[in-house]
Every structure is written in C-alpha cells, then in structure tokens.
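The data block below is structure-v4.txt; it holds compact mmCIF, C-alpha atoms.
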```txt
# COMPACT_ATOMS: atom_id res chain seq x y z
CA MET A 96 15.06 -18.74 0.18
CA LYS A 97 21.78 -25.41 -3.61
CA SER A 98 19.51 -28.18 -4.80
CA THR A 99 20.17 -31.68 -3.49
CA LYS A 100 21.42 -34.01 -6.18
CA LEU A 101 20.83 -37.70 -6.52
CA TYR A 102 23.91 -39.52 -7.72
CA ALA A 103 23.28 -42.89 -9.31
CA PHE A 104 26.28 -45.13 -8.86
CA VAL A 105 25.05 -47.90 -11.10
CA LEU A 106 26.98 -50.77 -12.55
CA ILE A 107 24.91 -51.18 -15.69
CA GLY A 108 25.99 -54.75 -16.27
CA LEU A 109 24.81 -55.79 -12.80
CA LEU A 110 21.88 -53.55 -11.99
CA GLY A 111 20.55 -52.79 -15.46
CA LEU A 112 19.25 -49.63 -17.11
CA PRO A 113 15.83 -49.45 -15.41
CA ALA A 114 17.43 -48.68 -12.05
CA LEU A 115 19.47 -45.86 -13.60
CA SER A 116 16.35 -44.41 -15.21
CA ALA A 117 14.49 -44.53 -11.93
CA GLU A 118 17.18 -42.47 -10.21
CA PHE A 119 17.15 -39.80 -12.86
CA ASN A 120 13.36 -39.75 -13.03
CA SER A 121 13.23 -39.15 -9.30
CA SER A 122 15.67 -36.26 -9.61
CA ASP A 123 13.74 -34.81 -12.54
CA ASN A 124 10.46 -35.02 -10.64
CA SER A 125 11.98 -33.23 -7.65
CA GLN A 126 13.27 -30.44 -9.87
CA LYS A 127 9.88 -30.08 -11.53
CA ARG A 128 8.15 -29.88 -8.16
CA LEU A 129 10.63 -27.31 -6.94
CA HIS A 130 10.20 -25.17 -10.06
CA ASP A 131 6.41 -25.44 -9.91
CA LEU A 132 6.22 -24.37 -6.26
CA GLN A 133 8.64 -21.50 -6.82
CA GLN A 134 6.65 -20.10 -9.75
CA ARG A 135 3.27 -20.52 -8.09
CA TRP A 136 4.52 -19.05 -4.82
CA ALA A 137 5.78 -15.93 -6.60
CA THR A 138 2.41 -15.46 -8.29
CA VAL A 139 0.44 -16.00 -5.08
CA ASN A 140 2.73 -13.91 -2.89
CA TYR A 141 3.20 -10.96 -5.21
CA GLN A 142 0.19 -10.83 -7.51
CA LEU A 143 -2.82 -12.04 -5.49
CA GLU A 144 -4.62 -10.43 -2.56
CA ASN A 145 -7.19 -11.07 0.16
CA ASP A 146 -9.30 -14.25 0.06
CA ARG A 147 -7.96 -15.40 -3.30
CA GLN A 148 -4.40 -15.21 -2.01
CA LYS A 149 -5.26 -17.15 1.14
CA GLN A 150 -7.00 -19.85 -0.86
CA GLU A 151 -4.00 -20.26 -3.14
CA PHE A 152 -1.63 -20.33 -0.17
CA GLU A 153 -3.69 -23.19 1.26
CA ALA A 154 -3.29 -25.08 -2.01
CA LEU A 155 0.46 -24.44 -2.00
CA VAL A 156 0.77 -25.69 1.57
CA ALA A 157 -1.07 -28.89 0.63
CA ASP A 158 1.14 -29.52 -2.39
CA ALA A 159 4.35 -28.81 -0.48
CA GLN A 160 3.20 -31.09 2.33
CA GLN A 161 2.55 -33.85 -0.19
CA TRP A 162 6.09 -33.42 -1.55
CA VAL A 163 7.51 -33.72 1.97
CA GLU A 164 5.47 -36.86 2.64
CA GLN A 165 6.65 -38.46 -0.60
CA GLU A 166 10.29 -37.35 -0.20
CA PRO A 167 10.86 -36.94 3.55
CA GLU A 168 14.64 -36.76 3.11
CA SER A 169 14.46 -33.89 0.61
CA ALA A 170 15.78 -30.68 2.17
CA PRO A 171 14.33 -28.52 -0.66
CA ALA A 172 10.88 -29.96 0.03
CA HIS A 173 11.09 -28.99 3.71
CA ILE A 174 12.52 -25.57 2.81
CA TRP A 175 9.67 -24.74 0.50
CA LEU A 176 7.05 -25.99 2.92
CA GLY A 177 8.63 -23.65 5.46
CA ILE A 178 8.81 -20.70 3.06
CA ILE A 179 5.19 -21.12 1.98
CA LYS A 180 3.94 -21.37 5.55
CA SER A 181 5.94 -18.34 6.69
CA THR A 182 4.72 -16.11 3.87
CA TYR A 183 1.17 -17.40 4.36
CA ALA A 184 1.50 -16.40 8.00
CA GLY A 185 2.36 -12.87 6.92
CA ALA A 186 -0.65 -12.73 4.62
CA LYS A 187 -3.04 -14.30 7.12
CA GLY A 188 -2.18 -12.33 10.24
CA GLY A 189 -3.93 -12.76 13.57
CA LEU A 190 -3.63 -15.75 15.89
CA GLY A 191 -3.39 -18.20 13.00
CA ALA A 192 -0.21 -16.50 11.80
CA LEU A 193 1.80 -17.53 14.85
CA SER A 194 0.75 -21.15 14.48
CA LEU A 195 1.88 -21.13 10.84
CA ALA A 196 5.15 -19.47 11.83
CA LYS A 197 5.85 -22.23 14.36
CA GLU A 198 5.11 -24.88 11.74
CA SER A 199 7.41 -23.07 9.30
CA LYS A 200 10.17 -23.07 11.91
CA LYS A 201 9.93 -26.84 12.29
CA SER A 202 10.13 -27.39 8.54
CA LEU A 203 13.16 -25.15 8.16
CA GLU A 204 14.93 -26.75 11.11
CA LYS A 205 14.32 -30.17 9.54
CA ALA A 206 15.83 -28.92 6.28
CA LEU A 207 18.94 -27.79 8.17
CA GLU A 208 19.26 -31.25 9.70
CA LEU A 209 19.09 -32.86 6.26
CA ASP A 210 21.30 -30.46 4.28
CA PRO A 211 22.16 -26.99 5.62
CA ASN A 212 23.60 -25.93 2.25
CA ALA A 213 20.50 -26.87 0.23
CA LEU A 214 19.20 -24.18 -2.14
CA ASP A 215 22.10 -21.86 -1.32
CA GLY A 216 21.42 -21.91 2.41
CA SER A 217 17.83 -20.75 2.01
CA ALA A 218 16.76 -22.44 5.24
CA TYR A 219 19.14 -20.22 7.22
CA ALA A 220 17.83 -17.05 5.57
CA SER A 221 14.17 -17.96 5.98
CA LEU A 222 14.58 -19.16 9.55
CA GLY A 223 16.59 -16.08 10.47
CA THR A 224 13.84 -13.88 9.10
CA LEU A 225 11.25 -15.71 11.19
CA TYR A 226 13.30 -15.14 14.33
CA TYR A 227 13.29 -11.35 13.95
CA LYS A 228 9.74 -11.02 12.60
CA VAL A 229 7.97 -13.23 15.15
CA PRO A 230 7.29 -11.80 18.64
CA GLY A 231 9.49 -13.01 21.45
CA TRP A 232 8.54 -14.78 24.67
CA PRO A 233 5.88 -15.23 26.04
CA PHE A 234 3.94 -14.95 22.78
CA GLY A 235 6.36 -16.42 20.27
CA PHE A 236 9.89 -17.66 19.66
CA GLY A 237 11.39 -14.44 18.31
CA ASP A 238 15.06 -13.88 19.12
CA ASP A 239 17.07 -11.09 17.48
CA ASP A 240 20.46 -12.55 18.38
CA LYS A 241 19.51 -15.91 16.89
CA ALA A 242 18.16 -14.13 13.82
CA GLN A 243 21.47 -12.36 13.25
CA GLN A 244 23.44 -15.59 13.58
CA LEU A 245 21.23 -17.38 11.06
CA LEU A 246 21.21 -14.52 8.55
CA GLU A 247 24.99 -14.24 8.72
CA LYS A 248 25.27 -17.99 8.15
CA ALA A 249 23.06 -17.63 5.07
CA LEU A 250 25.39 -14.93 3.75
CA THR A 251 28.48 -17.10 4.24
CA ILE A 252 26.85 -19.70 1.97
CA ASN A 253 25.39 -17.27 -0.56
CA PRO A 254 27.16 -13.91 -0.13
CA GLY A 255 25.91 -12.41 -3.37
CA GLY A 256 22.32 -13.62 -3.23
CA ILE A 257 19.44 -11.19 -3.45
CA ASP A 258 17.37 -12.82 -0.71
CA PRO A 259 19.92 -13.12 2.14
CA ASN A 260 21.20 -9.60 1.49
CA TYR A 261 17.69 -8.16 1.43
CA PHE A 262 16.68 -9.94 4.64
CA TYR A 263 19.85 -8.82 6.40
CA ALA A 264 19.29 -5.24 5.20
CA ASP A 265 15.74 -5.36 6.55
CA TYR A 266 17.01 -6.80 9.83
CA TRP A 267 19.39 -3.87 10.30
CA PHE A 268 16.74 -1.35 9.28
CA GLU A 269 14.43 -2.68 11.98
CA HIS A 270 17.29 -2.33 14.46
CA GLY A 271 18.04 1.27 13.49
CA ASN A 272 21.43 0.65 11.88
CA TYR A 273 20.71 2.45 8.61
CA ALA A 274 24.29 2.37 7.35
CA LYS A 275 24.41 -1.42 7.51
CA ALA A 276 20.89 -1.65 6.12
CA GLU A 277 21.87 0.43 3.11
CA HIS A 278 25.06 -1.56 2.57
CA TYR A 279 23.26 -4.89 2.33
CA ALA A 280 20.36 -3.45 0.34
CA GLN A 281 22.82 -2.20 -2.27
CA LYS A 282 24.42 -5.66 -2.34
CA ALA A 283 20.99 -7.16 -2.92
CA LEU A 284 20.44 -4.90 -5.94
CA LYS A 285 23.74 -6.09 -7.43
CA ALA A 286 22.77 -9.77 -7.16
CA ALA A 287 22.91 -11.79 -10.35
CA PRO A 288 19.47 -12.48 -11.85
CA ARG A 289 17.93 -15.92 -11.48
CA PRO A 290 16.70 -16.82 -14.98
CA GLU A 291 14.37 -19.49 -13.62
CA ARG A 292 12.68 -17.03 -11.21
CA PRO A 293 12.03 -13.75 -13.07
CA LEU A 294 8.88 -12.74 -11.18
CA ALA A 295 10.47 -13.37 -7.79
CA ASP A 296 13.53 -11.32 -8.80
CA GLU A 297 11.44 -8.44 -10.08
CA ALA A 298 9.31 -8.32 -6.94
CA ARG A 299 12.29 -8.67 -4.60
CA ARG A 300 14.13 -5.83 -6.33
CA ALA A 301 11.04 -3.68 -5.88
CA GLU A 302 11.11 -4.52 -2.15
CA VAL A 303 14.80 -3.62 -1.97
CA ASN A 304 14.13 -0.25 -3.59
CA GLN A 305 11.26 0.40 -1.18
CA LEU A 306 13.59 -0.41 1.71
CA LEU A 307 16.25 1.96 0.35
CA ALA A 308 13.67 4.73 0.15
CA LYS A 309 12.75 4.16 3.80
CA ILE A 310 16.43 4.14 4.77
CA GLN A 311 17.01 7.47 3.04
CA ARG A 312 14.08 9.03 4.87
CA GLU A 313 15.64 7.99 8.18
CA GLN A 314 19.17 9.21 7.48
```
Show the structure stored in the file as structure tokens.
Amino acid sequence: MKSTKLYAFVLIGLLGLPALSAEFNSSDNSQKRLHDLQQRWATVNYQLENDRQKQEFEALVADAQQWVEQEPESAPAHIWLGIIKSTYAGAKGGLGALSLAKESKKSLEKALELDPNALDGSAYASLGTLYYKVPGWPFGFGDDDKAQQLLEKALTINPGGIDPNYFYADYWFEHGNYAKAEHYAQKALKAAPRPERPLADEARRAEVNQLLAKIQREQ
C-alpha cells in the first residue's frame, strides 16, 4: 500500500527559527509514525497468529486512529489506518470482518480526497483489493469493475511496485485470466526492493511465488 511533504516557506527574519523547527519536527514525527506502523504491521501480519495477532492488530488500529486524530489532513495516516483495518478484517473473519472492511473503505476514500498520489498511490491499490475481496450486494460493497479501475489507477502511479502488481495479478487469477495473472506476478517479482521495508518485501515475494505456483497448476 508517495509520502506527503510539509514545505516550510519561512522568512527567517520575520517569523524566526522556532517556526521553521516546528515544521520540520512535524514532518519528522509523521515519518517516524509511518515507519513504526509499517514495521509493526509487517510483524503482526506475517509473523503472528491467532489471538496474539488479533490483539496486536487492535493495538495497531488504536495507534493509527490516534495518528489520524492528531493529523486529520495526513493522507498517509488515513491510508495506514485503512490498510491495518483491511488486513485485520482478513485475520478476524466472520461478521466483524465486514464491519472492519467498511471502515477501511472510508479511511482509504478519505486518503484519496486528501492526496490520491500519497505513498505511491497505495490508497488506490488497497481500496481496489477491498472491492474484489469483499462480497457484493446485498452483503457487502464488492464490485469487480470498480476494483479493476482502482487497481489500474494504482499501476499508473506506481507501475513497477511490488504491491500493485501483486494485487492485480491476484485479481486476474481470481477471474480466471491466468496469462494476465502471470504477467503481473512476474512484474511484481522484478520490483525494486524497499530498503526501509525488508520484512514486508520478503513476505510479499513469498506470496507472489505462491500465486505463480497456483497459476502454473491451472494452466
């Protein structure tokens, strides 16, 4: 799932150094929060299971919600609240999963209102995935056509990214187009590594390889 930047246009002689420091401190704090949530999410999502995983997801939701409340105009904050809630929904299952998915949808839609290009278009990729994973009417809001539009938009912003290519490959696998699924899965494997997210990259590559194995069994 491009970071928003805070530009401080400060006339030092008029506004003074403290104002400049405050701007940069705010930006630094946002980056630290983003990095912390990304690392913890990868650990919780890929390395924990059962009750322990659910407990840690609850803690992540609370921390992401606090970030949103403190920085309501931060698209990355809304994106990560949405990502955490959507993956928690997958881990939780049952009736509670749909409620979390709906909350995730709202967060991601808010992020798109604020900055659709934030974090390399991650809101498009995550929202698109929700649309093809969630059941359609009357139970949920699932919509395969909408999912395709959103996933393609994510790829226009980040064509070489591991996440949008993996999600689009999975979308096509679920729709029985194994040639397209393989094409985008191979693109995902060629994605440049993200030095700040080694665990997430390792786990995502494992998921891509698992998808490729399923594709080969179907062809």
Taking 5 positions as the minimum chain separation for residues in the same chain, which residues sit within 8 Å of segment 305-309 of chain A when counting all atoms listed in the file? Answer as a PyMOL selection string. chain A and resi 265+277+280
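Restricting the calculation to only C-alpha atoms, the smallest distance between Arg147 of chain A and any of A:Lys200, A:Lys127, A:Lys248, A:Lys187 is found for A:Lys187.
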Grab the atom CA of Leu190 of chain A to atom CA of Phe234 of chain A distance for me, in Å with one decimal place.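 One can read the atom CA of Leu190 of chain A to atom CA of Phe234 of chain A distance as 10.3 Å.
Between Asp210 of chain A and the candidates A:Lys228, A:Arg289, A:His173, A:Lys275, the tightest atom-to-atom separation, counting only C-alpha atoms, involves A:His173.
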So the first atom is atom CA of Gly216 of chain A and the second is atom CA of Phe262 of chain A; what is the distance between them in Å, to one decimal place? 13.1 Å
Between atom CA of Ser122 of chain A and atom CA of Asn253 of chain A, measure the distance and give it in Å to one decimal.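 Value for the atom CA of Ser122 of chain A-atom CA of Asn253 of chain A distance: 23.2 Å.
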Residues near Arg299 of chain A, anyone? I mean within 12 Å using only C-alpha atoms, not counting same-chain ones fewer than 6 positions away, as a list in words.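 Contacts, with the query itself left out: Met96, Ala137, Asn140, Tyr141, Gly256, Ile257, Asp258, Pro259, Asn260, Tyr261, Phe262, Ala280, Ala283, Leu284, Ala286, Pro288, Arg289, Arg292, Pro293, Gln305 and Leu306 of chain A.
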Those same residues, written as a PDB file, keeping the file's coordinate frame with C-alpha atoms?
```pdb
ATOM      1  CA  MET A  96      15.060 -18.740   0.180  1.00  0.00           C
ATOM      2  CA  ALA A 137       5.780 -15.930  -6.600  1.00  0.00           C
ATOM      3  CA  ASN A 140       2.730 -13.910  -2.890  1.00  0.00           C
ATOM      4  CA  TYR A 141       3.200 -10.960  -5.210  1.00  0.00           C
ATOM      5  CA  GLY A 256      22.320 -13.620  -3.230  1.00  0.00           C
ATOM      6  CA  ILE A 257      19.440 -11.190  -3.450  1.00  0.00           C
ATOM      7  CA  ASP A 258      17.370 -12.820  -0.710  1.00  0.00           C
ATOM      8  CA  PRO A 259      19.920 -13.120   2.140  1.00  0.00           C
ATOM      9  CA  ASN A 260      21.200  -9.600   1.490  1.00  0.00           C
ATOM     10  CA  TYR A 261      17.690  -8.160   1.430  1.00  0.00           C
ATOM     11  CA  PHE A 262      16.680  -9.940   4.640  1.00  0.00           C
ATOM     12  CA  ALA A 280      20.360  -3.450   0.340  1.00  0.00           C
ATOM     13  CA  ALA A 283      20.990  -7.160  -2.920  1.00  0.00           C
ATOM     14  CA  LEU A 284      20.440  -4.900  -5.940  1.00  0.00           C
ATOM     15  CA  ALA A 286      22.770  -9.770  -7.160  1.00  0.00           C
ATOM     16  CA  PRO A 288      19.470 -12.480 -11.850  1.00  0.00           C
ATOM     17  CA  ARG A 289      17.930 -15.920 -11.480  1.00  0.00           C
ATOM     18  CA  ARG A 292      12.680 -17.030 -11.210  1.00  0.00           C
ATOM     19  CA  PRO A 293      12.030 -13.750 -13.070  1.00  0.00           C
ATOM     20  CA  GLN A 305      11.260   0.400  -1.180  1.00  0.00           C
ATOM     21  CA  LEU A 306      13.590  -0.410   1.710  1.00  0.00           C
TER      22      LEU A 306
END
```
Spatial neighbours of Ala242 of chain A, 7 Å, all atoms listed in the file, chain gap at least 3 places, as a PDB file with C-alpha atoms, in the coordinates of the input:
```
ATOM      1  CA  GLY A 223      16.590 -16.080  10.470  1.00  0.00           C
ATOM      2  CA  THR A 224      13.840 -13.880   9.100  1.00  0.00           C
ATOM      3  CA  TYR A 226      13.300 -15.140  14.330  1.00  0.00           C
ATOM      4  CA  TYR A 227      13.290 -11.350  13.950  1.00  0.00           C
ATOM      5  CA  ASP A 238      15.060 -13.880  19.120  1.00  0.00           C
ATOM      6  CA  ASP A 239      17.070 -11.090  17.480  1.00  0.00           C
ATOM      7  CA  LEU A 245      21.230 -17.380  11.060  1.00  0.00           C
ATOM      8  CA  LEU A 246      21.210 -14.520   8.550  1.00  0.00           C
TER       9      LEU A 246
END
```
Report as a PDB file with C-alpha atoms, in the frame of the given file all protein, DNA and RNA residues lying within 10 Å of Ser199 of chain A, evaluated on only C-alpha atoms, omitting residues in the same chain fewer than 2 positions from it.
```
ATOM      1  CA  HIS A 173      11.090 -28.990   3.710  1.00  0.00           C
ATOM      2  CA  ILE A 174      12.520 -25.570   2.810  1.00  0.00           C
ATOM      3  CA  TRP A 175       9.670 -24.740   0.500  1.00  0.00           C
ATOM      4  CA  LEU A 176       7.050 -25.990   2.920  1.00  0.00           C
ATOM      5  CA  GLY A 177       8.630 -23.650   5.460  1.00  0.00           C
ATOM      6  CA  ILE A 178       8.810 -20.700   3.060  1.00  0.00           C
ATOM      7  CA  ILE A 179       5.190 -21.120   1.980  1.00  0.00           C
ATOM      8  CA  LYS A 180       3.940 -21.370   5.550  1.00  0.00           C
ATOM      9  CA  SER A 181       5.940 -18.340   6.690  1.00  0.00           C
ATOM     10  CA  THR A 182       4.720 -16.110   3.870  1.00  0.00           C
ATOM     11  CA  TYR A 183       1.170 -17.400   4.360  1.00  0.00           C
ATOM     12  CA  ALA A 184       1.500 -16.400   8.000  1.00  0.00           C
ATOM     13  CA  LEU A 193       1.800 -17.530  14.850  1.00  0.00           C
ATOM     14  CA  SER A 194       0.750 -21.150  14.480  1.00  0.00           C
ATOM     15  CA  LEU A 195       1.880 -21.130  10.840  1.00  0.00           C
ATOM     16  CA  ALA A 196       5.150 -19.470  11.830  1.00  0.00           C
ATOM     17  CA  LYS A 197       5.850 -22.230  14.360  1.00  0.00           C
ATOM     18  CA  LYS A 201       9.930 -26.840  12.290  1.00  0.00           C
ATOM     19  CA  SER A 202      10.130 -27.390   8.540  1.00  0.00           C
ATOM     20  CA  LEU A 203      13.160 -25.150   8.160  1.00  0.00           C
ATOM     21  CA  GLU A 204      14.930 -26.750  11.110  1.00  0.00           C
ATOM     22  CA  LYS A 205      14.320 -30.170   9.540  1.00  0.00           C
ATOM     23  CA  SER A 221      14.170 -17.960   5.980  1.00  0.00           C
ATOM     24  CA  LEU A 222      14.580 -19.160   9.550  1.00  0.00           C
ATOM     25  CA  LEU A 225      11.250 -15.710  11.190  1.00  0.00           C
TER      26      LEU A 225
END
```
Which of these residues is nearest to His278 of chain A, using all atoms listed in the file: A:Leu214, A:Ala206, A:Ala264, A:Pro167?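 That would be A:Ala264, the residue with the smallest distance to His278 of chain A.
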Leaving out Asn145 of chain A and any residue of its chain fewer than 6 positions from it, which residues lie within 12 Å of it when counting only C-alpha atoms, given as a PDB file with C-alpha atoms, keeping the file's coordinate frame?
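Result file selection08.pdb:
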```pdb
ATOM      1  CA  VAL A 139       0.440 -16.000  -5.080  1.00  0.00           C
ATOM      2  CA  GLU A 151      -4.000 -20.260  -3.140  1.00  0.00           C
ATOM      3  CA  PHE A 152      -1.630 -20.330  -0.170  1.00  0.00           C
ATOM      4  CA  TYR A 183       1.170 -17.400   4.360  1.00  0.00           C
ATOM      5  CA  GLY A 185       2.360 -12.870   6.920  1.00  0.00           C
ATOM      6  CA  ALA A 186      -0.650 -12.730   4.620  1.00  0.00           C
ATOM      7  CA  LYS A 187      -3.040 -14.300   7.120  1.00  0.00           C
ATOM      8  CA  GLY A 188      -2.180 -12.330  10.240  1.00  0.00           C
TER       9      GLY A 188
END
```
